[in-house]
Amino acid sequence: MIIVLMGPPGAGKGTQARHIVDKYNVTHLATGDMFREKIASGDDVGVKIKEMVESGRLVPDELTIQMIADRIEQPDCKNGFILDGFPRTVEQAEGLDMMLKEHGLFMDGALEIKVDDNALVDRISGRFSCSDCGEGYHDDFKPSAVSDICDCCGGEHKFVRRADDTAEKVKTRLGIYHEQTAPILPFYEQRNMLHTVDGMGSMEDVKINIFSVLDGLEDSNCDLHDSKEYGDVRCNYKK
Ligand code: AMP
């Protein structure tokens, strides 16, 4: 299964991706996490992109597309993958189409988590996560049971906040989402690949709705879809 997970910052893509990984046994490819790892490692790319990422601006398409093209060749992507935070521009969506085509792979669908803008600043500016296991928290909506201890893995003093999760930077990121990323939605809609779920409900409700969309894609067997675009039969991972 190859899925693109879309939605503005704070829509809950990371949280839902974790559920999808557990249920469908696919690899989670989050470009934001990959870039933050490069920054933490201090390698050449990390130094080059640090300021862009921490201020909420996009990393250049060429570098981003190449990073994903290399990553999907790794053995852990054989069973499928979920792209979280990629593509973010029409150029990246076209780059993804090309790289999948080169590998003889096809996307099963794009899943949009739709959330009102005015909910997002509050959602993002209070969030933090465990640097050991990745569990996400929020000051108001989901604090940890015991201060400074992760409910999930028991790690102590492991909580981290992202440098770009301030109210001011969230506004920059939302602006970029609407200008550069939202135009990808019609790109997938025209190909009959876009599935939208309401992201304003509880995390559990959103998860159930996402699973129902993905189960529908699985039922269609992932192996026989007419592709108007290429005029062929799409085939990913046959059972
Ligand atoms: P995220 O964790 O998805 O919110 O991404 C954090 C930051 O990483 C973004 O604000 C960008 O600076 C950078 N980034 C992540 N994914 C992409 C992408 N597909 N294209 C360009 N920049 C990206």
# chains A, B, ... in the order shown; residues from 1 in each chain; ligands from 1
$ select_by_dssp --residues "segment 24-190 of chain A" --states "strand (DSSP E or B)" --output "number ranges by chain"
A: 27-30, 81-84, 109-114, 127-130, 136-138, 142, 146, 149, 156, 159-160
$ write_last_selection --atoms "N, CA, C and O atoms" --output "short mmCIF file (atom, residue, chain, number, x, y, z; two decimals), in the first residue's frame"
data_model
loop_
_atom_site.label_atom_id
_atom_site.label_comp_id
_atom_site.auth_asym_id
_atom_site.auth_seq_id
_atom_site.Cartn_x
_atom_site.Cartn_y
_atom_site.Cartn_z
N THR A 27 5.69 1.43 6.09
CA THR A 27 6.72 2.27 6.70
C THR A 27 6.30 3.74 6.65
O THR A 27 5.78 4.21 5.63
N HIS A 28 6.53 4.43 7.75
CA HIS A 28 6.14 5.84 7.87
C HIS A 28 7.30 6.71 7.38
O HIS A 28 8.37 6.71 7.96
N LEU A 29 7.06 7.44 6.30
CA LEU A 29 8.10 8.35 5.79
C LEU A 29 7.64 9.79 6.00
O LEU A 29 6.78 10.28 5.25
N ALA A 30 8.17 10.42 7.02
CA ALA A 30 7.78 11.80 7.34
C ALA A 30 8.95 12.72 7.00
O ALA A 30 9.99 12.67 7.66
N PHE A 81 4.43 2.10 1.90
CA PHE A 81 4.81 3.21 2.78
C PHE A 81 3.74 4.27 2.79
O PHE A 81 2.91 4.36 1.88
N ILE A 82 3.78 5.06 3.85
CA ILE A 82 2.87 6.18 3.96
C ILE A 82 3.70 7.45 3.99
O ILE A 82 4.61 7.58 4.80
N LEU A 83 3.41 8.34 3.06
CA LEU A 83 4.16 9.60 2.96
C LEU A 83 3.43 10.66 3.77
O LEU A 83 2.26 10.93 3.52
N ASP A 84 4.13 11.22 4.72
CA ASP A 84 3.53 12.21 5.63
C ASP A 84 4.33 13.51 5.48
O ASP A 84 5.51 13.56 5.80
N GLY A 109 -3.70 5.94 -2.99
CA GLY A 109 -4.60 7.07 -2.77
C GLY A 109 -3.94 8.16 -1.96
O GLY A 109 -2.87 7.97 -1.36
N ALA A 110 -4.58 9.33 -1.98
CA ALA A 110 -4.16 10.44 -1.14
C ALA A 110 -5.27 10.67 -0.11
O ALA A 110 -6.45 10.73 -0.47
N LEU A 111 -4.87 10.75 1.14
CA LEU A 111 -5.83 10.89 2.23
C LEU A 111 -5.66 12.26 2.85
O LEU A 111 -4.59 12.58 3.37
N GLU A 112 -6.71 13.07 2.76
CA GLU A 112 -6.63 14.43 3.33
C GLU A 112 -7.35 14.47 4.68
O GLU A 112 -8.50 14.06 4.78
N ILE A 113 -6.66 14.96 5.70
CA ILE A 113 -7.32 15.19 6.99
C ILE A 113 -7.67 16.68 7.03
O ILE A 113 -6.79 17.54 7.04
N LYS A 114 -8.97 16.96 7.01
CA LYS A 114 -9.42 18.35 6.86
C LYS A 114 -9.73 18.96 8.23
O LYS A 114 -10.49 18.39 9.02
N ARG A 127 1.88 21.78 21.67
CA ARG A 127 2.22 20.36 21.56
C ARG A 127 3.69 20.05 21.87
O ARG A 127 4.57 20.90 21.71
N PHE A 128 3.92 18.85 22.33
CA PHE A 128 5.28 18.37 22.59
C PHE A 128 5.26 16.85 22.42
O PHE A 128 4.18 16.25 22.30
N SER A 129 6.44 16.25 22.36
CA SER A 129 6.46 14.80 22.15
C SER A 129 7.62 14.17 22.91
O SER A 129 8.54 14.87 23.36
N CYS A 130 7.55 12.86 23.02
CA CYS A 130 8.64 12.13 23.69
C CYS A 130 9.74 11.87 22.67
O CYS A 130 9.48 11.31 21.61
N GLY A 136 2.95 11.72 21.04
CA GLY A 136 2.63 13.14 21.02
C GLY A 136 1.75 13.55 22.20
O GLY A 136 0.89 12.78 22.64
N TYR A 137 1.95 14.76 22.72
CA TYR A 137 1.17 15.28 23.84
C TYR A 137 0.76 16.72 23.54
O TYR A 137 1.23 17.34 22.59
N HIS A 138 -0.10 17.26 24.43
CA HIS A 138 -0.49 18.67 24.31
C HIS A 138 -0.73 19.23 25.71
O HIS A 138 -1.34 18.55 26.55
N LYS A 142 -3.90 17.02 25.88
CA LYS A 142 -3.39 15.68 26.20
C LYS A 142 -2.08 15.78 26.99
O LYS A 142 -1.00 15.49 26.47
N VAL A 146 1.87 11.96 34.41
CA VAL A 146 2.82 12.45 35.42
C VAL A 146 3.76 13.42 34.71
O VAL A 146 4.29 13.10 33.65
N ILE A 149 7.13 12.65 32.53
CA ILE A 149 7.33 11.21 32.30
C ILE A 149 6.39 10.77 31.18
O ILE A 149 5.18 11.07 31.20
N GLU A 156 11.96 9.48 31.17
CA GLU A 156 11.91 10.66 32.06
C GLU A 156 12.66 11.82 31.44
O GLU A 156 13.75 11.63 30.90
N PHE A 159 10.82 14.92 27.04
CA PHE A 159 9.89 15.70 26.20
C PHE A 159 10.60 16.81 25.45
O PHE A 159 11.48 17.47 25.99
N VAL A 160 10.21 16.96 24.17
CA VAL A 160 10.81 18.02 23.34
C VAL A 160 9.70 18.80 22.63
O VAL A 160 8.63 18.26 22.35
#
$ residues_around --residues "segment 88-100 of chain A" --least-positions-apart "4" --cutoff "10 Å" --atoms "only C-alpha atoms" --output "PyMOL selection string"
chain A and resi 2+4+6-7+31+58-62+64-66+68-70+72+84+104-107+176-177+179-185+187-188
$ residues_around --residues "Asp215 of chain A" --least-positions-apart "6" --cutoff "12 Å" --atoms "only C-alpha atoms" --output "PyMOL selection string"
chain A and resi 1+20+23-24+108-109+207-209+221-222
$ write_last_selection --atoms "C-alpha atoms" --output "short mmCIF file (atom, residue, chain, number, x, y, z; two decimals), in the first residue's frame"
data_model
loop_
_atom_site.label_atom_id
_atom_site.label_comp_id
_atom_site.auth_asym_id
_atom_site.auth_seq_id
_atom_site.Cartn_x
_atom_site.Cartn_y
_atom_site.Cartn_z
CA MET A 1 0.00 0.00 0.00
CA ILE A 20 -1.81 3.33 10.02
CA LYS A 23 -2.53 -1.71 11.28
CA TYR A 24 -1.31 -1.92 7.69
CA ASP A 108 -3.23 3.70 -3.79
CA GLY A 109 -4.60 7.07 -2.77
CA LYS A 207 -8.72 6.97 13.09
CA ILE A 208 -11.91 4.94 12.48
CA ASN A 209 -12.76 7.05 9.42
CA ASN A 221 -7.19 -5.37 -3.84
CA CYS A 222 -4.57 -2.74 -4.56
#
$ atom_distance --atom1 "atom 21 (C, counted along the ligand's line) of ligand 1" --atom2 "atom CA of Gly126 of chain A"
23.2 Å
$ closest_residue --among "A:His195, A:Arg36, A:Arg123, A:Lys78" --to "ligand 1" --atoms "only C-alpha atoms and all ligand atoms"
A:Arg36
$ closest_residue --among "A:Ala40, A:Cys152, A:Met67, A:Val26" --to "ligand 1" --atoms "only C-alpha atoms and all ligand atoms"
A:Met67
$ select_by_dssp --residues "segment 18-195 of chain A" --states "alpha helix (DSSP H)" --output "ChimeraX atom specification"
/A:18-24,31-41,44-55,61-71,90-102,117-125,167-176,184-189
$ closest_residue --among "A:Ala17, A:Val115, A:Ala167, A:Val45" --to "Thr196 of chain A" --atoms "only C-alpha atoms"
A:Val115
$ closest_residue --among "A:Ser147, A:Thr166, A:Gln16, A:Thr172" --to "ligand 1" --atoms "only C-alpha atoms and all ligand atoms"
A:Thr172
$ closest_residue --among "A:Cys153, A:Ala163, A:Ile124, A:Leu194" --to "Gly12 of chain A" --atoms "only C-alpha atoms"
A:Ile124
$ closest_residue --among "A:Gly201, A:Gly42, A:Pro186, A:Pro9" --to "ligand 1" --atoms "only C-alpha atoms and all ligand atoms"
A:Pro9
